[in-house]
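**Q** Got a structure for you, questions after.
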Amino acid sequence: MNRLRAALAALLALAALTALTGFAPAPPALLGGELRRIPTEERVVALTFNAAWNETGLDTVLGMLRDRAAPAVFFPTGDFADRHPGALRAVAAAGHGLGNHSYGHPDFTTLTPDQARAEVRRADTAIRRAVGGGADPLPFFRFPYSATTPQTVAAVNGLGYADLEFTADTNGYLGPGHGMTADRAVERALAALTPGAVLQLHVGATDEGGPTTCLDAEALPRIIDGVRARGYRIIDLRTLLRAQGRSDGRVPAGSR
């Protein structure tokens, strides 16, 4: 009975959030903890891109996703949205989803729940302003550095966001200055393949170690081709918003 009451209270709270803000919250089934893979036994993979530093490589990434008919979800910071609004409009115009990666990319383990909520809200405002009505942000949040605590996950959940982390990072963002190559990024992605894997890539790169280089843009076509050659489909994470009521571990058909 207590669980039923708690579930009902959560549903009512999320319904109130939708009514007050127009934000469509994540289904309750996606809340309550970290999500590091799609809950399925099917051979599906999701592609995600963080955007925090610069837009180097974005045109290449969007072109490759278009040419290979592959969906993706992008996780920009609010600061990135303020500095590169055209980049977010391009992502939305290409039909890809936009999540939330905080405003200033802080380590959330050092924040109070109130500070965590403020970061998420400020980023949401910036992303909406950048897109200008072209697309509604998704109820997916990714913690900077994937640094979570039960308290900050609960704070994010309370705003209607599911905590969507990743199964593996290509580490392409590190760039040649840190010994990374496109070949190594491809190897890391394909080595992580498992049913429901969520791959994390990046748009842009840090300035450390020399000129900015987006190795993930260079690696992307080989990652997509390699994923499919191994019998996996690339799924749009937005299907999770339609599949939360299923209990058979299957995701909707139609993903590529």
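By convention in this document, the chains of the structure tokens carry letters A, B, ... by their order, each chain's residues are numbered from 1, and ligands are numbered from 1 in the order they are shown.
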Find the residues near Asp107 in chain A: any atom within 10 Å, counting only C-alpha atoms, skip ones fewer than 2 places away on the same chain, and give them as a list in words.

**A**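 Contacts, in chain order: Ser102, Gly104, His105, Thr109, Thr110, Leu111, Ala116, Phe143, Pro144, Tyr145, Ser146, Ala147 and Thr148 of chain A.
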
**Q** Only C-alpha atoms, please: the residues just picked out, written as a JSON list (two decimals), in the first residue's frame.

**A**
```json
[["chain", "number", "residue", "atom", "x", "y", "z"],
["A", 102, "SER", "CA", 23.75, 21.09, -16.83],
["A", 104, "GLY", "CA", 28.22, 25.11, -16.46],
["A", 105, "HIS", "CA", 29.40, 21.46, -16.37],
["A", 109, "THR", "CA", 29.04, 15.62, -6.18],
["A", 110, "THR", "CA", 30.13, 19.00, -4.80],
["A", 111, "LEU", "CA", 26.67, 20.58, -5.12],
["A", 116, "ALA", "CA", 21.89, 20.86, -8.65],
["A", 143, "PHE", "CA", 25.64, 14.38, -15.20],
["A", 144, "PRO", "CA", 28.95, 16.07, -16.04],
["A", 145, "TYR", "CA", 31.79, 13.55, -15.61],
["A", 146, "SER", "CA", 29.00, 11.01, -14.97],
["A", 147, "ALA", "CA", 29.45, 12.00, -11.31],
["A", 148, "THR", "CA", 26.25, 11.15, -9.49]]
```

**Q** Could you tell me, as a PyMOL selection string, which residues of range 9-123 of chain A DSSP assigns to strand (DSSP E or B) when given the backbone?

**A** chain A and resi 34-35+37+44-51+73-76+97-98+100

**Q** Could you write those residues out with C-alpha atoms, as a PDB file, in the first residue's frame?

**A**
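Generated output (selection32.pdb):
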```pdb
ATOM      1  CA  GLU A  34      21.097   5.782 -13.033  1.00  0.00           C
ATOM      2  CA  LEU A  35      20.298   4.458 -16.503  1.00  0.00           C
ATOM      3  CA  ARG A  37      21.986   0.989 -20.768  1.00  0.00           C
ATOM      4  CA  VAL A  44      20.237  -2.358 -30.087  1.00  0.00           C
ATOM      5  CA  VAL A  45      22.606   0.530 -29.422  1.00  0.00           C
ATOM      6  CA  ALA A  46      22.049   4.245 -28.846  1.00  0.00           C
ATOM      7  CA  LEU A  47      24.362   7.039 -29.985  1.00  0.00           C
ATOM      8  CA  THR A  48      24.686  10.135 -27.797  1.00  0.00           C
ATOM      9  CA  PHE A  49      26.835  13.260 -28.119  1.00  0.00           C
ATOM     10  CA  ASN A  50      27.828  15.650 -25.357  1.00  0.00           C
ATOM     11  CA  ALA A  51      28.442  19.285 -26.306  1.00  0.00           C
ATOM     12  CA  VAL A  73      20.481  12.395 -28.835  1.00  0.00           C
ATOM     13  CA  PHE A  74      22.685  15.383 -28.050  1.00  0.00           C
ATOM     14  CA  PHE A  75      23.413  16.572 -24.498  1.00  0.00           C
ATOM     15  CA  PRO A  76      24.484  20.229 -24.612  1.00  0.00           C
ATOM     16  CA  GLY A  97      16.805  14.884 -29.661  1.00  0.00           C
ATOM     17  CA  LEU A  98      18.238  17.346 -27.154  1.00  0.00           C
ATOM     18  CA  ASN A 100      20.292  18.441 -20.681  1.00  0.00           C
TER      19      ASN A 100
END
```

**Q** Excluding same-chain residues fewer than 5 positions from Thr194 in chain A, what lies within 12 Å of it counting only C-alpha atoms, as a list of chain:residue names?

**A** A:Arg36, A:Arg37, A:Ile38, A:Pro39, A:Thr40, A:Glu41, A:Glu42, A:Arg43, A:Val44, A:Val45, A:Ala46, A:Thr167, A:Ala168, A:Ala189, A:Leu199, A:Val227, A:Arg230, A:Gly231, A:Tyr232, A:Arg233

**Q** Just the residues within 6 Å of range 57-63 of chain A, please, counting only C-alpha atoms, with nothing from its chain fewer than 2 positions along; format it as an mmCIF file with N, CA and C atoms, in the first residue's frame.

**A**
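Contents of selection_35.cif, as written:
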```cif
data_model
loop_
_atom_site.group_PDB
_atom_site.id
_atom_site.type_symbol
_atom_site.label_atom_id
_atom_site.label_comp_id
_atom_site.auth_asym_id
_atom_site.auth_seq_id
_atom_site.Cartn_x
_atom_site.Cartn_y
_atom_site.Cartn_z
ATOM 1 N N GLU A 55 31.934 23.763 -31.241
ATOM 2 C CA GLU A 55 31.114 23.046 -32.215
ATOM 3 C C GLU A 55 31.951 22.395 -33.312
ATOM 4 N N LEU A 65 25.374 11.258 -39.692
ATOM 5 C CA LEU A 65 24.129 10.690 -39.176
ATOM 6 C C LEU A 65 23.046 10.708 -40.245
ATOM 7 N N ARG A 66 23.004 11.789 -41.023
ATOM 8 C CA ARG A 66 22.017 11.879 -42.106
ATOM 9 C C ARG A 66 22.297 10.829 -43.181
ATOM 10 N N VAL A 203 30.847 16.296 -29.322
ATOM 11 C CA VAL A 203 31.018 17.295 -30.364
ATOM 12 C C VAL A 203 32.055 18.279 -29.849
ATOM 13 N N GLY A 204 33.091 18.510 -30.621
ATOM 14 C CA GLY A 204 34.145 19.403 -30.170
ATOM 15 C C GLY A 204 35.172 18.668 -29.336
ATOM 16 N N CYS A 214 38.096 17.096 -33.398
ATOM 17 C CA CYS A 214 36.960 16.269 -33.019
ATOM 18 C C CYS A 214 37.162 14.863 -33.576
ATOM 19 N N ALA A 217 34.019 12.811 -34.590
ATOM 20 C CA ALA A 217 33.446 13.055 -35.918
ATOM 21 C C ALA A 217 34.147 12.187 -36.957
#
```

**Q** How far is it from CA of Asp136 in chain A to CA of Ala154 in chain A, in Å with one decimal?

**A**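 Interatomic distance here is 22.6 Å.
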
**Q** So, counting only C-alpha atoms, which residue among A:Asp169, A:Asp82, A:Glu187, A:Asp67 is closest to Trp53 in chain A?

**A**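 The shortest atom-to-atom distance to Trp53 in chain A comes from A:Asp82.
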
**Q** Report, in Å to a single decimal, how far apart CA of Ala162 in chain A and CA of Asp124 in chain A are.

**A**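 Interatomic distance, CA of Asp124 in chain A to CA of Ala162 in chain A: 14.0 Å.
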
**Q** Measuring atom to atom with only C-alpha atoms, identify which of A:Gly160, A:Pro71, A:Gly86, A:Pro195 is nearest to Phe140 in chain A.

**A**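 Of all the options, A:Gly160 lies closest to Phe140 in chain A.
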
**Q** In Å to one decimal, how far is CA of Leu237 in chain A from CA of Ile223 in chain A?

**A**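 Distance reported for this atom pair: 17.5 Å.
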
**Q** If we count only C-alpha atoms and set the cut-off at 10 Å, which residues sit around Gly134 in chain A, ignoring sequence neighbours fewer than 2 positions away in its own chain? Please answer as a VMD selection string.

**A** chain A and resid 88 to 93 95 128 to 132 136 to 137

**Q** For Gly179 in chain A, which residue among A:Gly99, A:Leu215, A:Phe80, A:Pro85 is the nearest when counting only C-alpha atoms?

**A**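 Of all the options, A:Leu215 lies closest to Gly179 in chain A.
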
**Q** Among the residues of range 34-134 of chain A, find those DSSP assigns to alpha helix (DSSP H) from the backbone and print them as a ChimeraX atom specification.

**A** /A:58-67,78-83,85-93,113-131

**Q** Write the selection just made, keeping N, CA and C atoms, as a compact mmCIF listing (two decimals), in the first residue's frame?

**A**
```txt
# COMPACT_ATOMS: atom_id res chain seq x y z
N LEU A 58 30.66 19.37 -35.63
CA LEU A 58 29.21 19.19 -35.64
C LEU A 58 28.67 18.97 -37.05
N ASP A 59 29.11 19.77 -38.00
CA ASP A 59 28.61 19.61 -39.37
C ASP A 59 28.93 18.21 -39.90
N THR A 60 30.12 17.73 -39.60
CA THR A 60 30.50 16.38 -40.03
C THR A 60 29.64 15.33 -39.37
N VAL A 61 29.42 15.48 -38.06
CA VAL A 61 28.59 14.52 -37.32
C VAL A 61 27.17 14.48 -37.89
N LEU A 62 26.57 15.64 -38.07
CA LEU A 62 25.19 15.68 -38.59
C LEU A 62 25.13 15.11 -40.00
N GLY A 63 26.14 15.38 -40.81
CA GLY A 63 26.16 14.83 -42.15
C GLY A 63 26.26 13.32 -42.15
N MET A 64 27.11 12.78 -41.29
CA MET A 64 27.27 11.32 -41.22
C MET A 64 26.00 10.65 -40.69
N LEU A 65 25.37 11.26 -39.69
CA LEU A 65 24.13 10.69 -39.18
C LEU A 65 23.05 10.71 -40.25
N ARG A 66 23.00 11.79 -41.02
CA ARG A 66 22.02 11.88 -42.11
C ARG A 66 22.30 10.83 -43.18
N ASP A 67 23.54 10.75 -43.63
CA ASP A 67 23.88 9.84 -44.73
C ASP A 67 23.67 8.39 -44.36
N GLY A 78 24.05 24.29 -20.94
CA GLY A 78 23.41 25.57 -21.17
C GLY A 78 24.40 26.62 -21.64
N ASP A 79 25.62 26.56 -21.14
CA ASP A 79 26.66 27.49 -21.57
C ASP A 79 26.94 27.31 -23.06
N PHE A 80 27.01 26.06 -23.52
CA PHE A 80 27.21 25.79 -24.95
C PHE A 80 26.04 26.36 -25.74
N ALA A 81 24.83 26.18 -25.24
CA ALA A 81 23.64 26.69 -25.93
C ALA A 81 23.70 28.20 -26.07
N ASP A 82 24.15 28.89 -25.03
CA ASP A 82 24.26 30.35 -25.09
C ASP A 82 25.32 30.80 -26.09
N ARG A 83 26.42 30.04 -26.16
CA ARG A 83 27.52 30.44 -27.06
C ARG A 83 27.31 29.99 -28.50
N PRO A 85 24.04 28.96 -30.25
CA PRO A 85 22.62 28.65 -30.47
C PRO A 85 22.35 28.05 -31.84
N GLY A 86 23.12 28.47 -32.85
CA GLY A 86 22.92 27.93 -34.18
C GLY A 86 23.19 26.43 -34.24
N ALA A 87 24.13 25.97 -33.42
CA ALA A 87 24.44 24.55 -33.40
C ALA A 87 23.25 23.74 -32.90
N LEU A 88 22.58 24.24 -31.87
CA LEU A 88 21.41 23.52 -31.34
C LEU A 88 20.26 23.55 -32.32
N ARG A 89 20.10 24.68 -33.02
CA ARG A 89 19.04 24.74 -34.03
C ARG A 89 19.31 23.75 -35.16
N ALA A 90 20.58 23.57 -35.51
CA ALA A 90 20.94 22.61 -36.55
C ALA A 90 20.64 21.18 -36.11
N VAL A 91 20.93 20.87 -34.84
CA VAL A 91 20.63 19.53 -34.31
C VAL A 91 19.12 19.28 -34.35
N ALA A 92 18.36 20.26 -33.88
CA ALA A 92 16.90 20.11 -33.87
C ALA A 92 16.35 19.99 -35.28
N ALA A 93 16.85 20.81 -36.20
CA ALA A 93 16.37 20.77 -37.58
C ALA A 93 16.67 19.44 -38.25
N PRO A 113 21.53 19.67 -3.28
CA PRO A 113 20.38 19.43 -4.17
C PRO A 113 19.81 20.70 -4.76
N ASP A 114 19.75 21.77 -3.98
CA ASP A 114 19.24 23.04 -4.52
C ASP A 114 20.14 23.58 -5.63
N GLN A 115 21.44 23.48 -5.44
CA GLN A 115 22.37 23.93 -6.47
C GLN A 115 22.25 23.07 -7.73
N ALA A 116 22.05 21.76 -7.51
CA ALA A 116 21.89 20.86 -8.65
C ALA A 116 20.64 21.22 -9.46
N ARG A 117 19.55 21.46 -8.75
CA ARG A 117 18.32 21.83 -9.46
C ARG A 117 18.48 23.14 -10.22
N ALA A 118 19.20 24.10 -9.62
CA ALA A 118 19.41 25.38 -10.29
C ALA A 118 20.21 25.21 -11.59
N GLU A 119 21.22 24.33 -11.57
CA GLU A 119 21.99 24.06 -12.77
C GLU A 119 21.11 23.49 -13.88
N VAL A 120 20.25 22.55 -13.52
CA VAL A 120 19.39 21.91 -14.51
C VAL A 120 18.39 22.91 -15.09
N ARG A 121 17.77 23.68 -14.22
CA ARG A 121 16.77 24.66 -14.69
C ARG A 121 17.41 25.72 -15.58
N ARG A 122 18.58 26.21 -15.18
CA ARG A 122 19.24 27.24 -15.98
C ARG A 122 19.61 26.70 -17.36
N ALA A 123 20.07 25.45 -17.42
CA ALA A 123 20.39 24.83 -18.71
C ALA A 123 19.15 24.68 -19.56
N ASP A 124 18.05 24.24 -18.96
CA ASP A 124 16.80 24.08 -19.72
C ASP A 124 16.38 25.40 -20.36
N THR A 125 16.47 26.49 -19.59
CA THR A 125 16.12 27.81 -20.12
C THR A 125 17.01 28.18 -21.30
N ALA A 126 18.31 27.94 -21.18
CA ALA A 126 19.25 28.29 -22.24
C ALA A 126 19.01 27.46 -23.50
N ILE A 127 18.74 26.17 -23.32
CA ILE A 127 18.51 25.29 -24.47
C ILE A 127 17.23 25.70 -25.20
N ARG A 128 16.18 25.97 -24.44
CA ARG A 128 14.93 26.41 -25.07
C ARG A 128 15.11 27.74 -25.80
N ARG A 129 15.86 28.64 -25.20
CA ARG A 129 16.10 29.93 -25.83
C ARG A 129 16.88 29.76 -27.14
N ALA A 130 17.88 28.87 -27.13
CA ALA A 130 18.69 28.66 -28.32
C ALA A 130 17.89 28.04 -29.45
N VAL A 131 17.06 27.06 -29.13
CA VAL A 131 16.28 26.37 -30.15
C VAL A 131 15.15 27.25 -30.66
```

**Q** Using only C-alpha atoms, which of A:Asn157, A:Thr170, A:Gln151, A:Thr112 sits nearest Leu31 in chain A?

**A** A:Asn157

**Q** Pick the closest to His96 in chain A from A:Ala72, A:Thr149, A:Phe141, A:Gly158: which is it, counting only C-alpha atoms?

**A**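 Checking each of A:Ala72, A:Thr149, A:Phe141, A:Gly158 against His96 in chain A, counting only C-alpha atoms, the winner is A:Ala72.
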